[in-house]
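start34.csv (CSV, C-alpha atoms) appears below.
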chain,number,residue,atom,x,y,z
U,1,MET,CA,0.0,0.0,0.0
U,2,ASP,CA,1.3,3.5,-0.8
U,3,PHE,CA,1.8,5.8,2.0
U,4,CYS,CA,2.2,9.6,2.3
U,5,GLU,CA,3.1,11.3,5.5
U,6,LEU,CA,3.9,14.7,7.0
U,7,THR,CA,6.0,14.7,10.1
U,8,TYR,CA,7.7,17.1,12.5
U,9,GLU,CA,10.2,14.4,13.5
U,10,PRO,CA,13.4,13.4,11.7
U,11,ILE,CA,12.6,11.0,8.9
U,12,ASP,CA,14.0,7.4,9.0
U,13,ILE,CA,14.9,6.9,5.4
U,14,ASN,CA,15.5,3.2,5.8
U,15,ASP,CA,12.1,2.8,7.3
U,16,VAL,CA,10.4,4.5,4.4
U,17,ALA,CA,12.3,2.5,1.9
U,18,ARG,CA,11.7,-0.9,3.5
U,19,ARG,CA,8.0,-0.4,4.3
U,20,ILE,CA,7.1,-0.4,0.7
U,21,VAL,CA,8.8,-3.6,-0.5
U,22,LEU,CA,6.6,-6.3,-1.9
U,23,PRO,CA,7.6,-9.8,-3.1
U,24,GLU,CA,6.9,-8.8,-6.7
U,25,CYS,CA,9.4,-6.0,-6.5
U,26,GLY,CA,13.0,-6.2,-7.6
U,27,ALA,CA,14.2,-2.7,-6.9
U,28,THR,CA,13.5,0.3,-4.7
U,29,VAL,CA,14.7,3.7,-5.7
U,30,THR,CA,14.8,6.2,-2.9
U,31,LEU,CA,15.3,9.9,-3.1
U,32,ASP,CA,16.7,11.4,0.1
U,33,GLY,CA,16.3,15.2,-0.2
U,34,TYR,CA,18.1,17.2,2.5
U,35,VAL,CA,19.0,20.8,3.4
U,36,ARG,CA,21.8,22.3,1.4
U,37,GLN,CA,24.1,24.8,3.0
U,38,PHE,CA,24.5,27.2,0.0
U,39,THR,CA,21.8,28.5,-2.4
U,40,ASN,CA,22.6,31.2,-4.9
U,41,GLN,CA,25.9,31.8,-3.1
U,42,ARG,CA,24.0,32.6,0.1
U,43,GLU,CA,24.6,30.6,3.2
U,44,THR,CA,21.5,29.0,4.8
U,45,LEU,CA,21.3,28.9,8.5
U,46,HIS,CA,18.3,26.7,8.6
U,47,LEU,CA,15.0,26.1,6.8
U,48,PHE,CA,11.4,26.2,8.0
U,49,TYR,CA,8.8,24.2,6.2
U,50,GLU,CA,5.0,24.8,6.6
U,51,ALA,CA,2.2,22.9,4.9
U,52,TYR,CA,-1.6,23.2,4.3
U,53,GLU,CA,-1.6,19.8,5.8
U,54,PRO,CA,-4.9,18.3,4.7
U,55,MET,CA,-4.5,19.5,1.2
U,56,ALA,CA,-0.9,18.5,1.0
U,57,LEU,CA,-1.8,15.0,1.9
U,58,LYS,CA,-4.6,14.9,-0.7
U,59,GLU,CA,-2.3,16.2,-3.4
U,60,MET,CA,0.5,13.7,-2.4
U,61,LYS,CA,-2.1,10.9,-2.7
U,62,LYS,CA,-3.2,12.2,-6.1
U,63,LEU,CA,0.4,12.1,-7.2
U,64,THR,CA,0.8,8.5,-6.1
U,65,GLU,CA,-2.4,7.6,-8.1
U,66,GLN,CA,-1.1,9.3,-11.2
U,67,ALA,CA,2.3,7.7,-10.8
U,68,HIS,CA,0.8,4.2,-10.9
U,69,LYS,CA,-1.0,5.1,-14.1
U,70,HIS,CA,2.2,6.5,-15.7
U,71,PHE,CA,4.8,3.9,-14.5
U,72,GLU,CA,4.8,0.2,-13.9
U,73,ILE,CA,5.5,0.5,-10.2
U,74,SER,CA,4.2,-1.4,-7.2
U,75,ASN,CA,4.4,0.8,-4.2
U,76,ILE,CA,5.3,4.3,-3.1
U,77,GLY,CA,6.3,5.9,0.2
U,78,ILE,CA,6.5,9.7,0.6
U,79,ALA,CA,7.5,11.4,3.8
U,80,HIS,CA,7.9,15.1,4.1
U,81,ARG,CA,9.2,16.8,7.2
U,82,LEU,CA,7.8,20.1,8.5
U,83,GLY,CA,9.1,22.7,11.0
U,84,LYS,CA,12.7,23.8,11.5
U,85,LEU,CA,15.4,21.8,9.6
U,86,LYS,CA,19.2,22.2,9.9
U,87,ILE,CA,21.8,21.8,7.2
U,88,GLY,CA,21.9,18.2,6.2
U,89,ASP,CA,18.5,17.3,7.7
U,90,THR,CA,16.3,15.2,5.4
U,91,SER,CA,13.3,17.2,4.3
U,92,VAL,CA,11.7,14.7,1.9
U,93,VAL,CA,12.0,11.0,1.2
U,94,ILE,CA,10.4,9.4,-1.8
U,95,SER,CA,10.8,5.6,-2.2
U,96,VAL,CA,9.4,3.8,-5.2
U,97,ALA,CA,9.4,0.0,-5.4
U,98,ALA,CA,8.9,-1.8,-8.7
U,99,PRO,CA,9.5,-5.1,-10.4
U,100,HIS,CA,12.2,-3.5,-12.5
U,101,ARG,CA,14.5,-0.6,-11.7
U,102,LYS,CA,13.8,1.5,-14.8
U,103,ALA,CA,10.3,2.2,-13.8
U,104,ALA,CA,11.3,2.8,-10.2
U,105,PHE,CA,13.9,5.4,-11.2
U,106,GLU,CA,11.4,7.1,-13.6
U,107,GLY,CA,8.6,7.1,-11.1
U,108,CYS,CA,10.8,8.5,-8.3
U,109,GLU,CA,12.0,11.3,-10.6
U,110,TRP,CA,8.5,12.1,-11.7
U,111,LEU,CA,7.2,12.2,-8.1
U,112,ILE,CA,9.7,14.6,-6.7
U,113,ARG,CA,9.2,16.9,-9.7
U,114,GLU,CA,5.5,16.9,-9.3
U,115,LEU,CA,5.6,17.2,-5.5
U,116,LYS,CA,7.7,20.4,-5.9
U,117,ARG,CA,5.2,21.7,-8.4
U,118,THR,CA,1.9,20.9,-6.8
U,119,VAL,CA,1.9,20.0,-3.1
U,120,PRO,CA,1.0,22.9,-0.8
U,121,ILE,CA,4.2,23.0,1.3
U,122,TRP,CA,6.4,26.1,1.6
U,123,LYS,CA,10.0,26.5,2.5
U,124,LYS,CA,11.3,29.6,4.4
U,125,GLU,CA,15.0,30.1,4.0
U,126,VAL,CA,16.7,31.7,7.0
U,127,TYR,CA,20.1,33.2,6.3
U,128,ALA,CA,22.4,35.6,8.2
U,129,GLU,CA,20.9,38.8,6.7
U,130,GLY,CA,17.3,37.8,6.9
U,131,GLU,CA,14.7,35.2,5.8
U,132,VAL,CA,12.5,34.7,2.8
U,133,TRP,CA,9.7,32.3,1.8
U,134,VAL,CA,10.8,30.6,-1.3
U,135,GLU,CA,8.3,30.9,-4.1
U,136,GLY,CA,8.2,28.1,-6.6
U,137,GLU,CA,7.1,28.1,-10.2
U,138,GLN,CA,3.5,29.0,-10.2
U,139,THR,CA,1.3,26.3,-11.6
U,140,THR,CA,-1.7,24.2,-10.6
U,141,ASN,CA,-2.0,20.5,-10.6
U,142,SER,CA,-2.6,18.9,-13.9
U,143,GLU,CA,-1.8,15.5,-15.4
J,1,MET,CA,-22.6,34.2,3.1
J,2,THR,CA,-19.4,33.5,4.9
J,3,VAL,CA,-16.4,31.6,3.8
J,4,GLN,CA,-13.3,30.6,5.8
J,5,LEU,CA,-10.1,32.0,4.5
J,6,LEU,CA,-6.8,30.4,5.2
J,7,PHE,CA,-3.3,31.9,4.7
J,8,PHE,CA,0.1,30.1,4.7
J,9,GLY,CA,3.7,31.0,4.6
J,10,ALA,CA,4.3,34.3,2.8
J,11,THR,CA,0.6,35.1,2.6
J,12,ALA,CA,0.2,34.6,6.3
J,13,ASP,CA,3.1,37.0,6.9
J,14,ILE,CA,1.8,39.6,4.5
J,15,THR,CA,-1.8,39.6,5.8
J,16,GLY,CA,-0.9,39.0,9.5
J,17,GLU,CA,-3.6,36.4,9.5
J,18,ARG,CA,-3.8,32.6,9.4
J,19,GLU,CA,-7.5,32.1,9.4
J,20,ILE,CA,-10.4,34.6,9.0
J,21,ASP,CA,-14.1,34.5,8.2
J,22,PHE,CA,-14.8,36.5,5.0
J,23,SER,CA,-18.3,37.7,4.0
J,24,ILE,CA,-19.2,37.4,0.4
J,25,LYS,CA,-22.4,37.8,-1.7
J,26,LYS,CA,-24.5,34.7,-2.2
J,27,ASN,CA,-23.5,32.7,-5.3
J,28,SER,CA,-20.2,34.6,-5.6
J,29,ARG,CA,-17.9,33.5,-8.4
J,30,ALA,CA,-14.5,32.4,-7.0
J,31,SER,CA,-12.5,34.8,-9.2
J,32,GLN,CA,-14.5,37.7,-7.9
J,33,THR,CA,-14.0,36.7,-4.3
J,34,PHE,CA,-10.3,36.3,-4.9
J,35,SER,CA,-10.1,39.8,-6.3
J,36,GLU,CA,-12.0,41.1,-3.2
J,37,ILE,CA,-9.5,39.4,-0.9
J,38,VAL,CA,-6.5,41.0,-2.7
J,39,GLU,CA,-8.3,44.4,-2.4
J,40,ARG,CA,-8.6,43.8,1.3
J,41,PHE,CA,-4.9,42.8,1.6
J,42,PRO,CA,-3.1,44.8,-1.1
J,43,GLY,CA,0.3,43.4,-0.1
J,44,LEU,CA,-0.8,40.1,-1.7
J,45,ALA,CA,-0.9,41.7,-5.2
J,46,GLN,CA,2.9,41.7,-5.5
J,47,HIS,CA,3.1,38.0,-5.5
J,48,LYS,CA,1.9,35.3,-7.9
J,49,LEU,CA,-0.9,33.7,-6.0
J,50,LEU,CA,-2.6,30.3,-6.0
J,51,PHE,CA,-6.1,29.7,-4.6
J,52,SER,CA,-7.9,26.6,-3.4
J,53,ILE,CA,-11.5,25.8,-2.5
J,54,ASN,CA,-12.2,23.0,0.0
J,55,GLN,CA,-8.6,21.8,-0.5
J,56,GLU,CA,-8.7,21.6,-4.3
J,57,TYR,CA,-6.9,24.0,-6.5
J,58,ALA,CA,-9.4,26.7,-7.8
J,59,GLU,CA,-9.6,27.8,-11.4
J,60,GLY,CA,-11.8,30.8,-10.7
J,61,HIS,CA,-15.0,29.9,-12.4
J,62,GLU,CA,-16.4,28.0,-9.4
J,63,THR,CA,-19.4,29.2,-7.5
J,64,LEU,CA,-18.8,29.5,-3.8
J,65,HIS,CA,-21.1,28.3,-1.0
J,66,ASP,CA,-21.6,29.2,2.6
J,67,GLY,CA,-18.9,27.6,4.7
J,68,ASP,CA,-16.4,26.9,1.9
J,69,GLU,CA,-12.8,26.7,3.0
J,70,LEU,CA,-10.7,29.0,0.8
J,71,ALA,CA,-6.9,29.3,0.9
J,72,ILE,CA,-4.6,31.8,-0.7
J,73,PHE,CA,-0.9,31.1,-1.0
J,74,THR,CA,2.2,31.7,-3.0
J,75,ALA,CA,3.7,29.2,-5.4
J,76,VAL,CA,4.6,26.1,-3.5
J,77,SER,CA,8.2,25.2,-2.5
J,78,GLY,CA,8.2,21.9,-0.8
J,79,GLY,CA,10.7,19.1,-1.4

Would you encode the structure as C-alpha cells?
Amino acid sequence: MDFCELTYEPIDINDVARRIVLPECGATVTLDGYVRQFTNQRETLHLFYEAYEPMALKEMKKLTEQAHKHFEISNIGIAHRLGKLKIGDTSVVISVAAPHRKAAFEGCEWLIRELKRTVPIWKKEVYAEGEVWVEGEQTTNSE
Amino acid sequence: MTVQLLFFGATADITGEREIDFSIKKNSRASQTFSEIVERFPGLAQHKLLFSINQEYAEGHETLHDGDELAIFTAVSGG
C-alpha cells in the first residue's frame, strides 16, 4: 500500500524504503532530499517548512495515483518533514518499489518533480541577513 | 454568506492572519472573491498567488457556497 506522511520528526529513510517492499518487486529507488548549505551563493542557517496539511496529503495521494498510471511501479512511500530543519537534515524521502528498476527510477524522478510543483508545502530560508519564503514556479495541478 | 479564508507562509506573513471569516455575496464566483481578498490585503498583489476551494486548486469559475474553506498562498516550494 502506498503511504504519504507529513511529520515534524526526523525521517527514518530506511524505514520509508523498507515499508514499501513487496515480493513482486526487484528494486526500490529512494530519493533522500536534505537541506543544502549554500543556495545562490547565500549561506542558509536553517530552513522552516510549513504545509496546508490536509490539502498537502490529498495532493500527495493524487500524485501516487497518477504515478501508478504512468509507470509500472508497485508501491510508493513519501515522507515530508515540517518545521525547523538544519543543514543536512532530510526534508523529503520518496521511495518507489517496482519489479524493475527503470520504472522505479522514472517514477521517483516524476514524483519529486510533481511534488515540488503541486503539493502545498512552503519553505522559508533563514540566512544571516534575513529570511524569505521561497516561491516556486506557479502552476496548478494537472496531469 | 461567509467563507473561511486560510493563509500560509508568505501570505500569512503579508496579511498577518492565518484564518479569518470572510463575508461574500450569495453565489459569488471564485475569481470575484479572490479579487476582493486581494483588495482587502493589497500586499498580496505583489506575488503570484494560488487559490484553493475546499482543499482543491481553484480555477476561478467556481461558484462559492456558505462555509467553503478557501486558501490563498504563494507558489509552493516543498521538497

Extract, using only C-alpha atoms, all DNA, RNA and protein residues at most 6 Å from stretch 53-56 of chain J, discarding same-chain residues fewer than 2 positions from it, and format them as an MDAnalysis selection string.
(chainID U and resid 55) or (chainID J and resid 58 69:70)

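Neighbouring residues of stretch 99-105 of chain U at 6 Å or closer, counting only C-alpha atoms and skipping chain neighbours under 2 positions away, are Glu24, Cys25, Gly26, Ala27, Val29, Phe71, Glu72, Val96, Ala97, Gly107 and Cys108 of chain U.
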
Set the cut-off to 10 Å and count only C-alpha atoms: what are the residues of chain U that reach chain J? Output as a compact mmCIF listing (two decimals) with C-alpha atoms, in the frame of the given file.
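Okay, out15.txt is ready:
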# COMPACT_ATOMS: atom_id res chain seq x y z
CA ASP U 32 16.70 11.40 0.10
CA GLY U 33 16.30 15.20 -0.20
CA TYR U 34 18.10 17.20 2.50
CA VAL U 35 19.00 20.80 3.40
CA PHE U 48 11.40 26.20 8.00
CA TYR U 49 8.80 24.20 6.20
CA GLU U 50 5.00 24.80 6.60
CA ALA U 51 2.20 22.90 4.90
CA TYR U 52 -1.60 23.20 4.30
CA GLU U 53 -1.60 19.80 5.80
CA PRO U 54 -4.90 18.30 4.70
CA MET U 55 -4.50 19.50 1.20
CA ALA U 56 -0.90 18.50 1.00
CA LEU U 57 -1.80 15.00 1.90
CA LYS U 58 -4.60 14.90 -0.70
CA GLU U 59 -2.30 16.20 -3.40
CA ALA U 79 7.50 11.40 3.80
CA HIS U 80 7.90 15.10 4.10
CA ARG U 81 9.20 16.80 7.20
CA LEU U 82 7.80 20.10 8.50
CA THR U 90 16.30 15.20 5.40
CA SER U 91 13.30 17.20 4.30
CA VAL U 92 11.70 14.70 1.90
CA VAL U 93 12.00 11.00 1.20
CA ILE U 94 10.40 9.40 -1.80
CA ILE U 112 9.70 14.60 -6.70
CA ARG U 113 9.20 16.90 -9.70
CA GLU U 114 5.50 16.90 -9.30
CA LEU U 115 5.60 17.20 -5.50
CA LYS U 116 7.70 20.40 -5.90
CA ARG U 117 5.20 21.70 -8.40
CA THR U 118 1.90 20.90 -6.80
CA VAL U 119 1.90 20.00 -3.10
CA PRO U 120 1.00 22.90 -0.80
CA ILE U 121 4.20 23.00 1.30
CA TRP U 122 6.40 26.10 1.60
CA LYS U 123 10.00 26.50 2.50
CA LYS U 124 11.30 29.60 4.40
CA VAL U 132 12.50 34.70 2.80
CA TRP U 133 9.70 32.30 1.80
CA VAL U 134 10.80 30.60 -1.30
CA GLU U 135 8.30 30.90 -4.10
CA GLY U 136 8.20 28.10 -6.60
CA GLU U 137 7.10 28.10 -10.20
CA GLN U 138 3.50 29.00 -10.20
CA THR U 139 1.30 26.30 -11.60
CA THR U 140 -1.70 24.20 -10.60
CA ASN U 141 -2.00 20.50 -10.60
CA SER U 142 -2.60 18.90 -13.90

Need to verify the contact set: U:Leu45, 7 Å, all atoms listed in the file, exclusion of same-chain residues closer than 4 positions in sequence. Can you return it as a PyMOL selection string?
chain U and resi 126-128

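For the atom pair formed by atom CA of U:Met60 and atom CA of U:Leu111, the distance is 8.9 Å, given to one decimal.
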
Determine, counting only C-alpha atoms, which protein, DNA and RNA residues have an atom within 10 Å of an atom of stretch 33-36 of chain J; residues of the same chain fewer than 3 positions away are not included. Present the result as a PyMOL selection string.
chain J and resi 3+22-25+28-30+39-42+45+49-51+60+63-64+70-72

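If you look at atom CA of U:Ile87 and atom CA of U:Cys4, they are 23.6 Å away from each other.
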
Enter the distance from atom CA of U:Pro10 to atom CA of U:Gln66, in Å, rounded to one decimal.
27.4 Å
